[in-house]
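Heads up, entry-v4.pdb below (PDB, C-alpha atoms):
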```
ATOM      1  CA  ASN D   1     -56.260 -66.032  17.062
ATOM      2  CA  ASN D   2     -53.452 -65.758  19.607
ATOM      3  CA  ASN D   3     -52.759 -69.464  19.252
ATOM      4  CA  ASN D   4     -52.675 -69.159  15.469
ATOM      5  CA  ASN D   5     -50.303 -66.209  15.708
ATOM      6  CA  THR D   6     -48.042 -68.153  18.060
ATOM      7  CA  ASP D   7     -48.051 -71.122  15.702
ATOM      8  CA  ASP D   8     -47.158 -68.857  12.770
ATOM      9  CA  LEU D   9     -44.283 -67.295  14.665
ATOM     10  CA  GLU D  10     -43.021 -70.715  15.743
ATOM     11  CA  LEU D  11     -43.163 -71.960  12.156
ATOM     12  CA  ALA D  12     -41.374 -68.828  10.913
ATOM     13  CA  TRP D  13     -38.674 -69.301  13.538
ATOM     14  CA  GLN D  14     -38.135 -72.961  12.627
ATOM     15  CA  THR D  15     -37.922 -72.129   8.923
ATOM     16  CA  LEU D  16     -35.460 -69.295   9.471
ATOM     17  CA  ASP D  17     -33.352 -71.363  11.867
ATOM     18  CA  THR D  18     -33.154 -74.157   9.283
ATOM     19  CA  ALA D  19     -32.019 -71.619   6.687
ATOM     20  CA  ARG D  20     -29.420 -70.325   9.148
ATOM     21  CA  VAL D  21     -27.952 -73.796   9.652
ATOM     22  CA  ILE D  22     -27.768 -74.419   5.897
ATOM     23  CA  LEU D  23     -26.110 -71.070   5.189
ATOM     24  CA  GLU D  24     -23.578 -71.483   7.997
ATOM     25  CA  ARG D  25     -22.630 -74.933   6.687
ATOM     26  CA  CYS D  26     -22.283 -73.497   3.184
ATOM     27  CA  ASP D  27     -20.006 -70.793   4.562
ATOM     28  CA  GLU D  28     -17.840 -73.401   6.294
ATOM     29  CA  LYS D  29     -17.518 -75.391   3.050
ATOM     30  CA  GLN D  30     -16.650 -72.237   1.108
ATOM     31  CA  GLN D  31     -13.951 -71.359   3.630
ATOM     32  CA  GLN D  32     -12.482 -74.844   3.363
ATOM     33  CA  ALA D  33     -12.546 -74.680  -0.441
ATOM     34  CA  SER D  34     -10.918 -71.253  -0.370
ATOM     35  CA  SER D  35      -8.114 -72.398   1.948
ATOM     36  CA  SER D  36      -7.412 -75.528  -0.121
ATOM     37  CA  SER D  37      -7.432 -73.466  -3.327
ATOM     38  CA  SER D  38      -4.974 -70.940  -1.923
ATOM     39  CA  SER D  39      -2.610 -73.693  -0.752
ATOM     40  CA  SER D  40      -2.540 -75.335  -4.185
ATOM     41  CA  SER D  41      -2.457 -72.124  -6.249
ATOM     42  CA  SER D  42       1.380 -72.019  -6.228
ATOM     43  CA  SER D  43       1.716 -75.277  -8.180
ATOM     44  CA  ALA D  44       2.056 -73.869 -11.712
ATOM     45  CA  ALA D  45       2.329 -70.409 -13.218
ATOM     46  CA  THR D  46       0.231 -71.379 -16.218
ATOM     47  CA  THR D  47      -2.872 -71.758 -14.060
ATOM     48  CA  ALA D  48      -2.508 -68.351 -12.407
ATOM     49  CA  SER D  49      -5.176 -66.687 -14.502
ATOM     50  CA  ASN D  50      -7.639 -69.536 -13.975
ATOM     51  CA  ASP D  51      -6.985 -69.506 -10.242
ATOM     52  CA  GLY D  52      -7.699 -65.781 -10.200
ATOM     53  CA  GLY D  53     -11.051 -66.384 -11.858
ATOM     54  CA  ASP D  54     -11.884 -69.186  -9.422
ATOM     55  CA  ASP D  55     -10.905 -67.008  -6.459
ATOM     56  CA  LYS D  56     -13.176 -64.214  -7.653
ATOM     57  CA  LYS D  57     -16.084 -66.624  -8.042
ATOM     58  CA  GLN D  58     -15.482 -67.989  -4.539
ATOM     59  CA  ASP D  59     -15.395 -64.450  -3.125
ATOM     60  CA  ASP D  60     -18.649 -63.604  -4.904
ATOM     61  CA  ASP D  61     -20.289 -66.786  -3.595
ATOM     62  CA  ARG D  62     -19.168 -66.062  -0.046
ATOM     63  CA  LEU D  63     -20.474 -62.505  -0.267
ATOM     64  CA  LYS D  64     -23.883 -63.708  -1.501
ATOM     65  CA  ASN D  65     -23.990 -66.315   1.261
ATOM     66  CA  ALA D  66     -23.101 -63.702   3.868
ATOM     67  CA  MET D  67     -25.847 -61.374   2.634
ATOM     68  CA  LEU D  68     -28.403 -64.168   2.914
ATOM     69  CA  LEU D  69     -27.171 -65.207   6.342
ATOM     70  CA  GLY D  70     -27.307 -61.628   7.611
ATOM     71  CA  LYS D  71     -30.818 -61.221   6.282
ATOM     72  CA  VAL D  72     -31.945 -64.481   7.892
ATOM     73  CA  ARG D  73     -30.472 -63.396  11.242
ATOM     74  CA  ALA D  74     -32.269 -60.050  10.984
ATOM     75  CA  ARG D  75     -35.583 -61.749  10.196
ATOM     76  CA  MET D  76     -35.079 -64.021  13.209
ATOM     77  CA  GLY D  77     -34.750 -60.841  15.236
ATOM     78  CA  ASP D  78     -38.038 -59.622  13.757
ATOM     79  CA  VAL D  79     -39.764 -62.837  14.854
ATOM     80  CA  CYS D  80     -38.420 -62.333  18.371
ATOM     81  CA  MET D  81     -39.751 -58.773  18.369
ATOM     82  CA  GLU D  82     -43.202 -60.052  17.379
ATOM     83  CA  SER D  83     -42.982 -62.490  20.276
ATOM     84  CA  ASP D  84     -41.982 -59.684  22.672
ATOM     85  CA  ASN D  85     -38.685 -61.474  23.264
ATOM     86  CA  PHE D  86     -36.615 -58.293  23.055
ATOM     87  CA  GLU D  87     -33.431 -59.660  24.591
ATOM     88  CA  GLN D  88     -33.294 -62.493  22.052
ATOM     89  CA  ALA D  89     -34.118 -60.032  19.286
ATOM     90  CA  HIS D  90     -31.152 -57.886  20.302
ATOM     91  CA  GLU D  91     -28.907 -60.939  20.122
ATOM     92  CA  GLU D  92     -30.151 -61.890  16.649
ATOM     93  CA  TYR D  93     -29.736 -58.340  15.317
ATOM     94  CA  ASN D  94     -26.238 -58.340  16.779
ATOM     95  CA  ASN D  95     -25.521 -61.617  14.959
ATOM     96  CA  ALA D  96     -26.722 -60.018  11.730
ATOM     97  CA  LEU D  97     -24.451 -57.037  12.420
ATOM     98  CA  LYS D  98     -21.414 -59.307  12.840
ATOM     99  CA  VAL D  99     -22.132 -61.025   9.530
ATOM    100  CA  TYR D 100     -22.508 -57.697   7.703
ATOM    101  CA  GLN D 101     -19.367 -56.246   9.267
ATOM    102  CA  SER D 102     -17.337 -59.274   8.167
ATOM    103  CA  ALA D 103     -18.427 -59.014   4.536
ATOM    104  CA  LEU D 104     -19.386 -55.401   3.770
ATOM    105  CA  PRO D 105     -17.639 -52.006   3.737
ATOM    106  CA  ALA D 106     -17.979 -49.968   6.918
ATOM    107  CA  ASP D 107     -20.382 -47.471   5.310
ATOM    108  CA  ASP D 108     -22.949 -50.029   4.126
ATOM    109  CA  ARG D 109     -26.532 -49.132   5.050
ATOM    110  CA  ARG D 110     -27.255 -52.681   6.276
ATOM    111  CA  ILE D 111     -24.753 -52.169   9.092
ATOM    112  CA  ALA D 112     -26.557 -48.982  10.085
ATOM    113  CA  GLY D 113     -29.874 -50.832   9.866
ATOM    114  CA  ALA D 114     -28.645 -53.509  12.270
ATOM    115  CA  TYR D 115     -27.575 -50.844  14.783
ATOM    116  CA  THR D 116     -31.006 -49.212  14.472
ATOM    117  CA  ASP D 117     -32.796 -52.517  15.044
ATOM    118  CA  MET D 118     -30.694 -53.136  18.144
ATOM    119  CA  ALA D 119     -31.544 -49.645  19.414
ATOM    120  CA  VAL D 120     -35.261 -50.368  19.093
ATOM    121  CA  THR D 121     -34.933 -53.531  21.190
ATOM    122  CA  CYS D 122     -33.161 -51.483  23.863
ATOM    123  CA  LEU D 123     -35.989 -48.946  23.895
ATOM    124  CA  PHE D 124     -38.508 -51.735  24.503
ATOM    125  CA  GLN D 125     -36.331 -52.904  27.393
ATOM    126  CA  LYS D 126     -36.260 -49.352  28.827
ATOM    127  CA  ASN D 127     -32.509 -49.213  28.261
ATOM    128  CA  THR D 128     -32.327 -45.706  26.798
ATOM    129  CA  PRO D 129     -28.545 -45.148  27.199
ATOM    130  CA  LYS D 130     -27.780 -48.330  25.243
ATOM    131  CA  ALA D 131     -30.322 -47.357  22.576
ATOM    132  CA  ILE D 132     -28.656 -43.951  22.184
ATOM    133  CA  GLU D 133     -25.292 -45.688  21.818
ATOM    134  CA  HIS D 134     -26.628 -47.860  18.981
ATOM    135  CA  TYR D 135     -28.278 -44.871  17.281
ATOM    136  CA  ARG D 136     -24.991 -42.960  17.422
ATOM    137  CA  LYS D 137     -23.179 -45.854  15.798
ATOM    138  CA  ALA D 138     -25.832 -45.975  13.063
ATOM    139  CA  ALA D 139     -25.446 -42.211  12.549
ATOM    140  CA  GLU D 140     -21.677 -42.654  12.264
ATOM    141  CA  VAL D 141     -22.175 -45.229   9.511
ATOM    142  CA  PHE D 142     -24.417 -42.811   7.603
ATOM    143  CA  ARG D 143     -21.926 -39.968   8.138
ATOM    144  CA  LEU D 144     -19.147 -42.143   6.728
ATOM    145  CA  ARG D 145     -21.392 -43.077   3.812
ATOM    146  CA  ILE D 146     -21.968 -39.382   2.993
ATOM    147  CA  VAL D 147     -18.246 -38.579   3.237
ATOM    148  CA  ASN D 148     -17.330 -41.479   0.943
ATOM    149  CA  SER D 149     -20.070 -40.510  -1.536
ATOM    150  CA  PHE D 150     -18.692 -36.967  -1.779
ATOM    151  CA  ALA D 151     -15.158 -38.349  -2.163
ATOM    152  CA  ARG D 152     -16.234 -40.600  -5.030
ATOM    153  CA  MET D 153     -18.106 -37.712  -6.630
ATOM    154  CA  ALA D 154     -15.064 -35.428  -6.375
ATOM    155  CA  ALA D 155     -12.811 -38.116  -7.843
ATOM    156  CA  SER D 156     -15.221 -38.600 -10.725
ATOM    157  CA  LEU D 157     -15.347 -34.850 -11.413
ATOM    158  CA  ASN D 158     -11.548 -34.579 -11.301
ATOM    159  CA  GLN D 159     -11.263 -37.456 -13.740
ATOM    160  CA  THR D 160     -13.781 -35.782 -16.040
ATOM    161  CA  ASP D 161     -11.858 -32.471 -15.898
ATOM    162  CA  GLU D 162      -8.630 -34.287 -16.734
ATOM    163  CA  GLN D 163     -10.261 -35.965 -19.719
ATOM    164  CA  ILE D 164     -11.576 -32.596 -20.952
ATOM    165  CA  LYS D 165      -8.091 -31.065 -20.681
ATOM    166  CA  GLN D 166      -6.555 -33.962 -22.579
ATOM    167  CA  GLU D 167      -9.155 -33.682 -25.348
ATOM    168  CA  ALA D 168      -8.580 -29.911 -25.518
ATOM    169  CA  GLU D 169      -4.834 -30.419 -25.797
ATOM    170  CA  LYS D 170      -5.335 -32.976 -28.559
ATOM    171  CA  GLY D 171      -7.636 -30.551 -30.371
ATOM    172  CA  GLY D 172      -5.055 -27.773 -30.048
ATOM    173  CA  ASP D 173      -2.346 -29.997 -31.503
ATOM    174  CA  HIS D 174      -4.551 -30.799 -34.493
ATOM    175  CA  THR D 175      -5.261 -27.092 -35.043
ATOM    176  CA  VAL D 176      -1.585 -26.171 -34.978
ATOM    177  CA  THR D 177      -0.757 -28.975 -37.400
ATOM    178  CA  ALA D 178      -3.528 -27.973 -39.752
ATOM    179  CA  SER D 179      -2.581 -24.274 -39.735
ATOM    180  CA  SER D 180       1.114 -25.019 -40.271
ATOM    181  CA  SER D 181       0.382 -27.321 -43.200
ATOM    182  CA  SER D 182      -1.944 -24.701 -44.663
ATOM    183  CA  SER D 183       0.658 -21.956 -44.393
ATOM    184  CA  SER D 184       3.346 -24.152 -45.931
ATOM    185  CA  SER D 185       1.120 -24.989 -48.872
ATOM    186  CA  ASN D 186       0.304 -21.311 -49.367
ATOM    187  CA  SER D 187       3.971 -20.374 -49.346
ATOM    188  CA  SER D 188       4.859 -23.111 -51.816
ATOM    189  CA  SER D 189       2.071 -22.069 -54.165
ATOM    190  CA  SER D 190       3.147 -18.421 -54.056
ATOM    191  CA  SER D 191       6.755 -19.303 -54.802
ATOM    192  CA  SER D 192       5.739 -21.433 -57.763
ATOM    193  CA  SER D 193       3.593 -18.646 -59.169
ATOM    194  CA  SER D 194       6.498 -16.188 -58.914
ATOM    195  CA  ASN D 195       8.793 -18.609 -60.752
ATOM    196  CA  THR D 196       6.196 -18.955 -63.527
ATOM    197  CA  SER D 197       5.892 -15.195 -63.977
ATOM    198  CA  ARG D 198       9.686 -14.937 -64.421
TER     199      ARG D 198
END
```
Reformat the file's structure so that it appears as structure tokens.
Amino acid sequence: NNNNNTDDLELAWQTLDTARVILERCDEKQQQASSSSSSSSSSAATTASNDGGDDKKQDDDRLKNAMLLGKVRARMGDVCMESDNFEQAHEEYNNALKVYQSALPADDRRIAGAYTDMAVTCLFQKNTPKAIEHYRKAAEVFRLRIVNSFARMAASLNQTDEQIKQEAEKGGDHTVTASSSSSSSNSSSSSSSSNTSR
């Protein structure tokens, strides 16, 4: 059973390492394509809109590739943990962290997850101070995530209040217009009736 487990872990490592190589080569090609596209984007103003669309697609592709590469690095860390290779696991989780930090906002939960994984490897290595340091960094990411969530919520509420005020002002304008037109029609009808009686 131990031999089978070792074989499975070795196979998992080889598969993940192959995926890592492929994704890193894809990232290099995407960077080269992005640099060549940016150097040739000043050729004609008529292609500006198309270049913008191409740039967005390239950015999306690079983000997807980075997410996959970060996940592969994290899973390689998991394999090392199963093999009791905690130092190597820490290195792989740190590699995943670098990938996430290069592609994601600072409050993304995957960054916090990488810090937490690194902390666990430190605990297995009896390095409690380093583990606490990683946990604090993970907590800081979550704190930033909460702050940004409240900021987005407040901005959304302020926008909603502004829209309500604008709609109320529009409704008030319609009411004033309707009442003024009604009063003018009433006055005109009363004046015509007085002329008829004379």
| message | Given all atoms listed in the file as the basis, pick out the residue of D:Cys26, D:Ala74, D:Val79, D:Ala114 nearest to D:Arg62. | response |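 Ranked by minimum distance to D:Arg62, first place goes to D:Cys26.
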| task | I need the residue set behind the PyMOL selection byres ((chain D and resi 76) around 12) for this file; please write it as JSON, numbers by chain. | result | {"D": [9, 10, 11, 12, 13, 14, 15, 16, 17, 18, 19, 20, 69, 70, 71, 72, 73, 74, 75, 77, 78, 79, 80, 81, 82, 83, 85, 86, 88, 89, 90, 91, 92, 93, 94, 95, 96, 117]}
| task | Work out how far apart atom CA of D:Leu23 and atom CA of D:Ala103 are and give it in Å to one decimal. | result |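 Between these atoms lies a distance of 14.3 Å.
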Once the PyMOL selection byres ((chain D and resi 119) around 8) has been evaluated on this model, what residues remain selected, and can you format them as a CSV table (one decimal) with C-alpha atoms, in the coordinates of the input?
```csv
chain,number,residue,atom,x,y,z
D,115,TYR,CA,-27.6,-50.8,14.8
D,116,THR,CA,-31.0,-49.2,14.5
D,117,ASP,CA,-32.8,-52.5,15.0
D,118,MET,CA,-30.7,-53.1,18.1
D,120,VAL,CA,-35.3,-50.4,19.1
D,121,THR,CA,-34.9,-53.5,21.2
D,122,CYS,CA,-33.2,-51.5,23.9
D,123,LEU,CA,-36.0,-48.9,23.9
D,130,LYS,CA,-27.8,-48.3,25.2
D,131,ALA,CA,-30.3,-47.4,22.6
D,132,ILE,CA,-28.7,-44.0,22.2
D,133,GLU,CA,-25.3,-45.7,21.8
D,134,HIS,CA,-26.6,-47.9,19.0
D,135,TYR,CA,-28.3,-44.9,17.3
```
| query | Which value, in Å to one decimal, gives the distance between atom CA of D:Leu104 and atom CA of D:Arg145? | reply |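 Computed distance, atom CA of D:Leu104 to atom CA of D:Arg145, equals 12.5 Å.
Those residues that approach D:Tyr100 to within 8 Å, counting only C-alpha atoms, are D:Ala66, D:Met67, D:Gly70, D:Arg110, D:Ile111; same-chain residues fewer than 5 positions away are not listed.
Rounded to one decimal, atom CA of D:Ile146 and atom CA of D:Leu68 lie 25.6 Å from each other.
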Which residues are close to stretch 139-144 of chain D, i.e. within 8 Å by only C-alpha atoms, leaving aside same-chain residues fewer than 3 positions away? Reply as an mmCIF file with C-alpha atoms, keeping the file's coordinate frame.
```
data_model
loop_
_atom_site.group_PDB
_atom_site.id
_atom_site.type_symbol
_atom_site.label_atom_id
_atom_site.label_comp_id
_atom_site.auth_asym_id
_atom_site.auth_seq_id
_atom_site.Cartn_x
_atom_site.Cartn_y
_atom_site.Cartn_z
ATOM 1 C CA ALA D 106 -17.979 -49.968 6.918
ATOM 2 C CA ASP D 107 -20.382 -47.471 5.310
ATOM 3 C CA ASP D 108 -22.949 -50.029 4.126
ATOM 4 C CA ARG D 109 -26.532 -49.132 5.050
ATOM 5 C CA ILE D 111 -24.753 -52.169 9.092
ATOM 6 C CA ALA D 112 -26.557 -48.982 10.085
ATOM 7 C CA TYR D 135 -28.278 -44.871 17.281
ATOM 8 C CA ARG D 136 -24.991 -42.960 17.422
ATOM 9 C CA VAL D 147 -18.246 -38.579 3.237
ATOM 10 C CA ASN D 148 -17.330 -41.479 0.943
#
```
